[in-house]
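**Q** My questions all concern the structure below.
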Amino acid sequence: MTNGSHSFRMPDKPSLDGIEAKWVDVWDESGVYHFDRTRSREDVFSIDTPPPTVSGSLHIGHVFSYTHTDTVARFQRMNGKAVFYPMGWDDNGLPTERRVQNYYGVRCDPSVAYDPDFQPPAKPDPKRQVPISRRNFIELCDQLTAEDEKVFESIWRRLGLSVDWRHTYATIDDNSRTAAQRAFLRNLARGEAYMSEAPTLWDVTFRTAVAQAELEDRERPSAYHKVAFHRPDGDPVHIETTRPELLAACVALVAHPDDERYQHLFGTTVRTPVFGVEVPVRAHRLADPEKGSGIAMICTFGDTTDVTWWRELDLDTRPIIGWDGRIVAETPSGLPEQGREAYARLVGATMHTARERTVEMLRESGDLVGEPTAITHPVKFYEKGDKPLEIVTTRQWYIRNGGRDEELRSQLVRRGRELVWHPDHMRQRYENWVEGLNGDWLVSRQRFFGVPFPVWYPLDGDGNPRYDEPLLPSEDQLPIDPSSQAPEGYTESQRGRPGGFMGDPDVMDTWATSSLSPQIASGWERDQDLFERVFPMDLRPQGQDIIRTWLFATVVRANFENGTLPWRTTGISGWILDPDRKKMSKSKGNVVTPVALLEKYSSDAVRYWAASGRLGTDTAMDEGQMKVGRRLAIKILNASKFVMSVAGEGASVDPSQVTEPLDRAMLAALAEVVDEATAAFAAYDHTRALERTERFFWDFCDDYLELVKTRAYNTEAAEGASARAALLVALGALHKLFAPFLPFVTEEVWSWWQDGSVHAQAWPQAAGYRTAAADGDPAVLAATAEVLRAVRKAKSEAKLSMRAEVEHVRVAGKQADSARAAAGDIAAAGRAAGIDFEVTDDGELTVEVVLPAPEAE
């Protein structure tokens, strides 16, 4: 609380118009949100802020979750912490590439030479994209993301995020590339990263590998085809498949070891229809006796179960799908003449066409039993892709994540249990993901705009890369781009030549960089002083959909590199729902962008709506709530001006002057609110803190102000000084309590009577208000307000003005004694000529209002 007298600088007509631009500039100039890096680690609160993808546009879901984080940052700052609150931009990877392609009408072709004078088409045509060199393409990516980041920053500032804009990073900048490459080299040195040539989930549109965490199931129409395989004696064995186009890739049939129907077939062979290849019949526990005919064909590769069967049963490989999703020209091994002729009919076909042609050949051979049966089933897609994933054999980089290491898996589960989760039940999603992993983290991508792997390979005399003898840079050489820099001991003229070298052509998955966001933002190995003050960080806020990607991957990297959690606490936001209660997403086309809402209702109003949603709870996009938030902000303006007008120039905010029972009761109630709001924030329940503050504020305006304003205008008596001091003490507290939620309007009203920023003030302390309240009893305020409401109701029902006189008020009940403590205020506010109280041992408070008799006509 602030003692002393105050002068007031209220405008004639308070308004929300223009206050965002006004205060954003003031905050920027004053540095009120700058991180004080002289503070020790125990005095710091550091936040691992999610770096939004800048290749699109911010939507209302971003506003929702980032507001939650900002309320925490502001609360911690007011509690004396030096808040490290940086902003990152996630600007590498596929989304940026797609945006650049469409925006400029270009596509990357690594075979094209670099053109230092290249200019994109004046009239871009996304359907006729101009091929350009990788270097030219990356330059355009850098150029467009820089512009996008400016737009994002302007919106964040408009929203009032208390970010320290001196601390920003981009996932493709030099610091991020250095950190990602350094971490990879260390992972490689410790055996946590490795290269493997293996079946890989593959997106045929983008021609890149896809990790398990990036998959999503989509329901798609399909059909079961009943197909006859043939035993040596000619008897058929019927299988049912949704992918007859993979018959040429079949390497075995499989049934469950306990399935009595097929016991006699295990260890024998059958011949594939159309292609005539002898394949074994094997037993495996993953075969489902209830699915189809209970026996299935194993192809290389139709799905991840095929991969498991192929690996565990040590089967042949007969791949037929190319990187472009078409049937490859090279005939698979083991096909007889008739099989090679049949295969030739498929070469170059898409999967859809290959299916139609294979079914046609099955009909011709008589091996299709009946007609296909239509079904709908889940099919795996890349989350950003439009075509079903295929599985092709490729050489990729992996980082161990417990998918194939039980000890590491258990260690990562334990890390998740060390972490404090808000809400707590989100931890189960983390554990379910870790326990369900079936492979390591695939971190390489066959794209262009990303962090390159810092690796070269020597070429033998025939020009073949020796992958088992990689050439690595030293850490002080980072960041490097192996596609444009030669390794030590070689010259650029040796690139791609026998006896020379080649650079690794791939880039890292964007999560491989984002998973290092705590280290990047904290200055890991770059600014050790900063790193020691902020790492491990205090809070990771994020969405629930990326627990399996961003949160888990960050835990994996910190566990390997730092031997610790990357942060102590995580706050998980819920979904944003549209008015039909459907999750908002770009793919559904129901996303709302925030700028128009910020302009229509004000930033504080939109923040109010966002803060009304608890962590982990799905919340509807509700303009009605924004209207409520705008009314609240306007009420704060008007109530503040009214209190200051009542208090008058030179008013004292001396708590010792608060002597009247009603005033002390109000301060006692305020102390309870401060306690509850503080406890709620400490538990990451910003919504509870807002609800409790708002309820007190409206009661303060509707009841307390009305009850004491007559007394407050009395400048001659001590009772008036008590009211004025109490009003100002409460006003100062309310400005601070609302500051994390409504930063613009609270800064505006604070500036009318205080120096400095409200956001740099100490958070209210309940003990101070209790001391000022002395023996104040909140029950006095509650009972008095109830009496006043009854008087108002009686006047309203009689269609009388609130200024109408009342002949008498009778108050009875257990709380009548509490109301009696403020009899004078009740009489003044209710304009009651007389008032009496009857205290009883029990019973609710009853109020009888005697109105003047109506005048005779």
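Quick note on naming: the chains in the structure tokens go A, B, ... in the order shown, residues restart at 1 in each chain, and ligands are numbered from 1 in order of appearance.
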At a cut-off of 7 Å, using only C-alpha atoms, what residues contact A:Asp48? Leave out same-chain residues fewer than 3 positions from it and give the result as a PyMOL selection string.

**A** chain A and resi 517-518+537+539-540

**Q** Using only C-alpha atoms, determine which residues lie at most 6 Å from A:Gly105, disregarding the query and same-chain residues fewer than 4 positions distant; provide the list as an mmCIF file with N, CA, C and O atoms, in the first residue's frame.

**A**
data_model
loop_
_atom_site.group_PDB
_atom_site.id
_atom_site.type_symbol
_atom_site.label_atom_id
_atom_site.label_comp_id
_atom_site.auth_asym_id
_atom_site.auth_seq_id
_atom_site.Cartn_x
_atom_site.Cartn_y
_atom_site.Cartn_z
ATOM 1 N N GLN A 101 6.761 -20.957 -51.753
ATOM 2 C CA GLN A 101 6.415 -21.447 -53.094
ATOM 3 C C GLN A 101 5.179 -20.734 -53.646
ATOM 4 O O GLN A 101 5.159 -20.282 -54.795
ATOM 5 N N PRO A 124 3.309 -13.959 -59.595
ATOM 6 C CA PRO A 124 3.516 -15.370 -59.228
ATOM 7 C C PRO A 124 2.320 -16.236 -59.618
ATOM 8 O O PRO A 124 1.166 -15.833 -59.462
ATOM 9 N N ASP A 125 2.623 -17.413 -60.139
ATOM 10 C CA ASP A 125 1.595 -18.381 -60.478
ATOM 11 C C ASP A 125 1.908 -19.683 -59.744
ATOM 12 O O ASP A 125 2.821 -20.419 -60.146
ATOM 13 N N PRO A 126 1.195 -19.972 -58.657
ATOM 14 C CA PRO A 126 1.492 -21.187 -57.880
ATOM 15 C C PRO A 126 1.400 -22.466 -58.711
ATOM 16 O O PRO A 126 1.999 -23.481 -58.358
ATOM 17 N N GLN A 129 5.213 -22.902 -61.127
ATOM 18 C CA GLN A 129 6.299 -22.405 -60.290
ATOM 19 C C GLN A 129 7.638 -22.474 -61.018
ATOM 20 O O GLN A 129 7.952 -23.462 -61.684
#

**Q** Can you pull out every residue from stretch 520-622 of chain A that DSSP, working from the backbone, puts in alpha helix (DSSP H), and format the result as a PyMOL selection string?

**A** chain A and resi 520-522+528-534+552-561+595-601+603-611

**Q** Could you take the residues named above and write them with C-alpha atoms, as an mmCIF file, in the first residue's frame?

**A**
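Dumped everything to out_34.cif:
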data_model
loop_
_atom_site.group_PDB
_atom_site.id
_atom_site.type_symbol
_atom_site.label_atom_id
_atom_site.label_comp_id
_atom_site.auth_asym_id
_atom_site.auth_seq_id
_atom_site.Cartn_x
_atom_site.Cartn_y
_atom_site.Cartn_z
ATOM 1 C CA ILE A 520 18.699 -21.570 -27.563
ATOM 2 C CA ALA A 521 16.839 -18.864 -25.653
ATOM 3 C CA SER A 522 19.064 -19.307 -22.586
ATOM 4 C CA GLN A 528 27.115 -18.905 -20.020
ATOM 5 C CA ASP A 529 26.251 -16.109 -17.583
ATOM 6 C CA LEU A 530 22.716 -15.879 -18.949
ATOM 7 C CA PHE A 531 22.381 -19.663 -19.112
ATOM 8 C CA GLU A 532 23.219 -20.080 -15.434
ATOM 9 C CA ARG A 533 20.615 -17.453 -14.464
ATOM 10 C CA VAL A 534 17.666 -18.909 -16.383
ATOM 11 C CA PHE A 552 8.593 -34.915 -25.160
ATOM 12 C CA ALA A 553 11.379 -34.066 -27.593
ATOM 13 C CA THR A 554 12.560 -31.208 -25.358
ATOM 14 C CA VAL A 555 12.677 -33.570 -22.382
ATOM 15 C CA VAL A 556 14.700 -36.054 -24.464
ATOM 16 C CA ARG A 557 17.276 -33.436 -25.508
ATOM 17 C CA ALA A 558 17.712 -31.919 -22.028
ATOM 18 C CA ASN A 559 17.961 -35.387 -20.497
ATOM 19 C CA PHE A 560 20.836 -36.249 -22.864
ATOM 20 C CA GLU A 561 22.651 -32.911 -22.856
ATOM 21 C CA VAL A 595 -6.848 -8.419 -35.350
ATOM 22 C CA ALA A 596 -10.478 -7.498 -36.076
ATOM 23 C CA LEU A 597 -11.500 -8.633 -32.594
ATOM 24 C CA LEU A 598 -8.732 -6.600 -30.960
ATOM 25 C CA GLU A 599 -9.871 -3.548 -32.890
ATOM 26 C CA LYS A 600 -13.577 -4.107 -32.235
ATOM 27 C CA TYR A 601 -13.522 -4.912 -28.522
ATOM 28 C CA SER A 603 -7.048 -5.895 -26.439
ATOM 29 C CA ASP A 604 -8.046 -5.990 -22.783
ATOM 30 C CA ALA A 605 -11.484 -7.320 -23.704
ATOM 31 C CA VAL A 606 -10.027 -10.132 -25.804
ATOM 32 C CA ARG A 607 -7.544 -10.927 -23.029
ATOM 33 C CA TYR A 608 -10.453 -11.061 -20.585
ATOM 34 C CA TRP A 609 -12.147 -13.720 -22.721
ATOM 35 C CA ALA A 610 -8.884 -15.683 -22.976
ATOM 36 C CA ALA A 611 -8.190 -15.484 -19.233
#

**Q** Among stretch 361-497 of chain A, which residues does DSSP mark as strand (DSSP E or B) when it is run on the backbone? Keep the chain and numbering as in the structure and answer as number ranges by chain.

**A** A: 368, 373-382, 388, 390-399, 420-422, 441-442, 444-445, 452, 456-459, 465, 471, 495

**Q** Between atom CA of A:Ala819 and atom CA of A:Val839, what is the distance in Å, rounded to a tenth?

**A**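 Value for the atom CA of A:Ala819-atom CA of A:Val839 distance: 10.0 Å.
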
**Q** Leaving out stretch 148-159 of chain A and any residue of its chain fewer than 5 positions from it, which residues lie within 9 Å of it when counting only C-alpha atoms, given as a list in words?

**A** Glu20, Ala21, Val24, Pro52, Val54, Ser55, Gly56, Ser57, Leu58, Val63, Tyr66, Thr67, Trp89, Asp91, Gln143, Trp165, Pro594, Val595, Leu598, Ser602, Ser603, Asp604, Val606 and Arg607 of chain A

**Q** Write the residues of the preceding selection, restricted to C-alpha atoms, as a tab-separated table (two decimals), in the first residue's frame.

**A**
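This went into result-v7.tsv:
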chain	number	residue	atom	x	y	z
A	20	GLU	CA	-2.94	0.21	-26.80
A	21	ALA	CA	-0.76	2.29	-29.10
A	24	VAL	CA	2.95	-0.06	-26.11
A	52	PRO	CA	4.83	-19.68	-33.29
A	54	VAL	CA	5.46	-17.57	-38.85
A	55	SER	CA	4.55	-19.08	-42.22
A	56	GLY	CA	0.85	-18.56	-41.63
A	57	SER	CA	-1.18	-16.11	-39.61
A	58	LEU	CA	-1.81	-15.84	-35.91
A	63	VAL	CA	-4.15	-15.25	-28.41
A	66	TYR	CA	-0.27	-16.79	-24.99
A	67	THR	CA	-2.52	-14.61	-22.81
A	89	TRP	CA	9.90	-17.61	-34.25
A	91	ASP	CA	10.47	-20.25	-39.30
A	143	GLN	CA	13.23	-12.67	-46.77
A	165	TRP	CA	11.75	-7.90	-27.24
A	594	PRO	CA	-7.53	-11.86	-33.87
A	595	VAL	CA	-6.85	-8.42	-35.35
A	598	LEU	CA	-8.73	-6.60	-30.96
A	602	SER	CA	-10.04	-3.77	-27.36
A	603	SER	CA	-7.05	-5.90	-26.44
A	604	ASP	CA	-8.05	-5.99	-22.78
A	606	VAL	CA	-10.03	-10.13	-25.80
A	607	ARG	CA	-7.54	-10.93	-23.03

**Q** How many Å separate atom CA of A:Leu615 from atom CA of A:Arg581?

**A** 17.4 Å

**Q** Name all residues at most 10 Å from A:Leu731 (count only C-alpha atoms; drop same-chain ones fewer than 2 positions away) and give them as a PyMOL selection string.

**A** chain A and resi 636+639-640+643-644+697+700+725-729+733-737+749-750

**Q** Tell me which protein, DNA and RNA residues are within 7 Å of stretch 646-650 of chain A, counting only C-alpha atoms, leaving out same-chain ones fewer than 6 positions away, and put them as a ChimeraX atom specification.

**A** /A:5-8,712-713,724

**Q** With N, CA and C atoms retained, write the just-selected residues as a compact mmCIF listing (two decimals), in the first residue's frame.

**A**
# COMPACT_ATOMS: atom_id res chain seq x y z
N SER A 5 -0.23 11.74 0.15
CA SER A 5 -1.34 12.36 -0.57
C SER A 5 -1.10 12.28 -2.07
N HIS A 6 -2.18 12.43 -2.83
CA HIS A 6 -2.10 12.30 -4.28
C HIS A 6 -2.87 13.40 -4.97
N SER A 7 -2.33 13.80 -6.11
CA SER A 7 -3.09 14.64 -7.03
C SER A 7 -3.52 13.75 -8.19
N PHE A 8 -4.57 14.16 -8.87
CA PHE A 8 -5.15 13.31 -9.89
C PHE A 8 -5.11 13.98 -11.25
N ALA A 712 -18.13 10.02 2.13
CA ALA A 712 -16.85 10.39 1.55
C ALA A 712 -16.81 11.86 1.12
N TYR A 713 -17.97 12.38 0.74
CA TYR A 713 -18.01 13.79 0.32
C TYR A 713 -17.87 14.75 1.51
N ARG A 724 -12.65 8.04 2.30
CA ARG A 724 -11.79 8.40 1.18
C ARG A 724 -10.50 7.59 1.18

**Q** Counting only C-alpha atoms, figure out which residue out of A:Pro378, A:Leu459, A:Leu408, A:Glu245 gets nearest to A:Leu362.

**A**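 Of A:Pro378, A:Leu459, A:Leu408, A:Glu245, the one nearest A:Leu362, counting only C-alpha atoms, is A:Glu245.
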
**Q** Would you list the contacts of A:Asp109 as a PyMOL selection string, taking every protein, DNA or RNA residue within 7 Å and counting only C-alpha atoms, but skipping same-chain residues closer than 3 positions in sequence?

**A** chain A and resi 112+131-134

**Q** Would you write out those residues with N, CA and C atoms, as an mmCIF file, in the first residue's frame?

**A**
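Done, and the output landed in result05.cif:
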data_model
loop_
_atom_site.group_PDB
_atom_site.id
_atom_site.type_symbol
_atom_site.label_atom_id
_atom_site.label_comp_id
_atom_site.auth_asym_id
_atom_site.auth_seq_id
_atom_site.Cartn_x
_atom_site.Cartn_y
_atom_site.Cartn_z
ATOM 1 N N VAL A 112 19.607 -26.631 -60.119
ATOM 2 C CA VAL A 112 19.709 -25.325 -60.766
ATOM 3 C C VAL A 112 20.836 -24.526 -60.121
ATOM 4 N N PRO A 131 11.498 -22.996 -61.325
ATOM 5 C CA PRO A 131 12.551 -23.706 -60.573
ATOM 6 C C PRO A 131 13.739 -22.785 -60.291
ATOM 7 N N ILE A 132 14.207 -22.776 -59.045
ATOM 8 C CA ILE A 132 15.351 -21.949 -58.654
ATOM 9 C C ILE A 132 16.300 -22.781 -57.804
ATOM 10 N N SER A 133 17.513 -22.299 -57.622
ATOM 11 C CA SER A 133 18.521 -23.026 -56.848
ATOM 12 C C SER A 133 18.133 -23.071 -55.373
ATOM 13 N N ARG A 134 18.740 -24.011 -54.693
ATOM 14 C CA ARG A 134 18.467 -24.126 -53.258
ATOM 15 C C ARG A 134 18.858 -22.845 -52.529
#

**Q** Would you pick out the contacts of A:Gly292 at 9 Å or less, using only C-alpha atoms, so that residues sharing its chain but fewer than 3 positions from it are not included, and give the list as a list in words?

**A** Tyr224, Lys226, Ile239, Glu240, Thr241, Asp288, Pro289, Ile295 and Ala296 of chain A

**Q** Quick one: distance from atom CA of A:Cys250 to atom CA of A:Ile298 in Å, one decimal?

**A**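 Atom-to-atom, atom CA of A:Cys250 to atom CA of A:Ile298, that is 5.6 Å.
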